[in-house]
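Peer 1: For reference, the file input_37.pdb (PDB, C-alpha atoms) is included below:
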MODEL        1
ATOM      1  CA  MET A 146     129.850  69.703  74.255
ATOM      2  CA  GLN A 147     129.566  70.205  77.964
ATOM      3  CA  THR A 148     132.887  70.410  79.669
ATOM      4  CA  ASN A 149     134.061  71.879  82.916
ATOM      5  CA  THR A 150     137.648  72.414  81.849
ATOM      6  CA  PRO A 151     138.644  76.047  82.234
ATOM      7  CA  LEU A 152     139.219  78.042  79.081
ATOM      8  CA  ASN A 153     142.549  79.725  78.443
ATOM      9  CA  ILE A 154     141.426  83.304  77.904
ATOM     10  CA  MET A 155     144.922  84.779  78.029
ATOM     11  CA  PRO A 156     144.874  85.760  74.314
ATOM     12  CA  ILE A 157     141.658  87.719  74.881
ATOM     13  CA  GLN A 158     143.114  89.433  77.944
ATOM     14  CA  GLN A 159     146.279  90.317  76.019
ATOM     15  CA  PHE A 160     144.223  91.755  73.162
ATOM     16  CA  LEU A 161     142.097  93.835  75.529
ATOM     17  CA  SER A 162     145.231  95.101  77.238
ATOM     18  CA  GLN A 163     146.732  96.004  73.874
ATOM     19  CA  VAL A 164     143.595  97.915  72.879
ATOM     20  CA  LYS A 165     143.486  99.698  76.242
ATOM     21  CA  THR A 166     147.120 100.756  75.892
ATOM     22  CA  ALA A 167     146.581 101.922  72.319
ATOM     23  CA  ASP A 168     143.530 103.894  73.378
ATOM     24  CA  SER A 169     145.289 105.578  76.280
ATOM     25  CA  THR A 170     148.206 106.592  74.045
ATOM     26  CA  ARG A 171     145.818 107.674  71.281
ATOM     27  CA  ALA A 172     147.379 105.242  68.837
ATOM     28  CA  LYS A 173     145.684 104.959  65.465
ATOM     29  CA  GLU A 174     146.215 101.217  65.111
ATOM     30  CA  ILE A 175     147.358  98.090  66.871
ATOM     31  CA  LYS A 176     149.464  95.334  65.377
ATOM     32  CA  MET A 177     149.731  91.669  66.219
ATOM     33  CA  SER A 178     151.578  88.737  64.750
ATOM     34  CA  ILE A 179     149.720  86.065  62.832
ATOM     35  CA  GLU A 180     150.370  83.704  65.731
ATOM     36  CA  GLN A 181     148.711  86.135  68.170
ATOM     37  CA  ALA A 182     145.794  86.594  65.763
ATOM     38  CA  ARG A 183     145.404  82.827  65.337
ATOM     39  CA  SER A 184     145.494  82.282  69.081
ATOM     40  CA  LEU A 185     142.909  85.023  69.611
ATOM     41  CA  ALA A 186     140.647  83.580  66.899
ATOM     42  CA  LEU A 187     140.846  80.065  68.349
ATOM     43  CA  THR A 188     140.166  81.314  71.865
ATOM     44  CA  LEU A 189     137.167  83.353  70.707
ATOM     45  CA  GLY A 190     135.865  80.280  68.876
ATOM     46  CA  GLN A 191     136.168  78.175  72.025
ATOM     47  CA  VAL A 192     134.430  80.815  74.139
ATOM     48  CA  MET A 193     131.578  81.162  71.645
ATOM     49  CA  ALA A 194     131.150  77.387  71.375
ATOM     50  CA  ARG A 195     131.056  77.075  75.175
ATOM     51  CA  LEU A 196     128.510  79.889  75.455
ATOM     52  CA  ASN A 197     126.374  78.338  72.739
ATOM     53  CA  GLY A 198     126.435  74.978  74.503
ATOM     54  CA  ASP A 199     125.521  76.586  77.821
ATOM     55  CA  LEU A 200     122.657  78.482  76.179
ATOM     56  CA  GLU A 201     121.322  75.305  74.559
ATOM     57  CA  GLN A 202     121.382  73.499  77.910
ATOM     58  CA  LEU A 203     119.605  76.392  79.618
ATOM     59  CA  LEU A 204     116.918  76.534  76.941
ATOM     60  CA  GLN A 205     116.441  72.780  77.112
ATOM     61  CA  LYS A 206     115.980  72.953  80.896
ATOM     62  CA  GLU A 207     113.462  75.765  80.515
ATOM     63  CA  TYR A 208     111.630  73.860  77.784
ATOM     64  CA  SER A 209     111.379  70.763  79.954
ATOM     65  CA  LYS A 210     109.981  72.870  82.804
ATOM     66  CA  GLU A 211     107.300  74.298  80.485
ATOM     67  CA  ASN A 212     106.196  70.798  79.521
ATOM     68  CA  GLU A 213     106.157  69.575  83.109
ATOM     69  CA  VAL A 214     102.736  68.365  84.212
ATOM     70  CA  ILE A 215     101.649  69.342  87.701
ATOM     71  CA  GLN A 216      98.781  67.308  89.011
ATOM     72  CA  ILE A 217      96.564  68.695  91.765
ATOM     73  CA  GLN A 218      93.824  66.743  93.490
ATOM     74  CA  MET A 219      91.111  68.608  95.334
ATOM     75  CA  ASP A 220      88.886  66.718  97.739
ATOM     76  CA  GLY A 221      86.700  69.644  98.808
ATOM     77  CA  GLY A 222      88.225  69.797 102.266
ATOM     78  CA  SER A 223      86.770  66.514 103.510
ATOM     79  CA  SER A 224      90.057  65.302 105.012
ATOM     80  CA  TRP A 225      90.565  68.220 107.400
TER      81      TRP A 225
ENDMDL
END
If you convert what's in this file into structure tokens, what do you get?

Peer 2:
Amino acid sequence: MQTNTPLNIMPIQQFLSQVKTADSTRAKEIKMSIEQARSLALTLGQVMARLNGDLEQLLQKEYSKENEVIQIQMDGGSSW
């Protein structure tokens, strides 16, 4: 699922802003509409899927490097 399209993280930013505001005003709770909650959940799902895909690609690259065969020939210095 590799894609280079940018993610819309606005719902996450709005949630973080809401939490920050609630914290600074010492509010006991925050409220959001079901539409905001759905948007946040979908965005978090997209971010986690993207991160998982990136991690899998990174691990696959590292695994292929571990299995790489490096061949060295030593001639005892006779071709100096």

Peer 1: Pick from A:Gln218, A:Thr150, A:Gln159, A:Asn197: nearest to Ser184 (chain A), with all atoms listed in the file counted?

Peer 2: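 Smallest distance to Ser184 (chain A) is found for A:Gln159.
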
Peer 1: What do you get, as a ChimeraX atom specification, if you spell out every residue that the PyMOL selection byres ((chain A and resi 154) around 12) selects here?

Peer 2: /A:151-153,155-161,184-193

Peer 1: Could you state the separation of CA of Gln163 (chain A) and CA of Leu196 (chain A) in Å, given to one decimal place?

Peer 2: 24.4 Å

Peer 1: When you draw a straight line from CA of Ala194 (chain A) to CA of Glu180 (chain A), how long is it in Å?

Peer 2: 21.0 Å

Peer 1: Check the smallest atom-to-atom distance from each of A:Gln216, A:Asn149, A:Thr170, A:Gln181 to Asp199 (chain A) using all atoms listed in the file, then report the winner.

Peer 2: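 For Asp199 (chain A), the nearest of the candidates is A:Asn149.
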
Peer 1: Between CA of Ile179 (chain A) and CA of Lys165 (chain A), measure the distance and give it in Å to one decimal.

Peer 2: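 Interatomic distance, CA of Ile179 (chain A) to CA of Lys165 (chain A): 20.1 Å.
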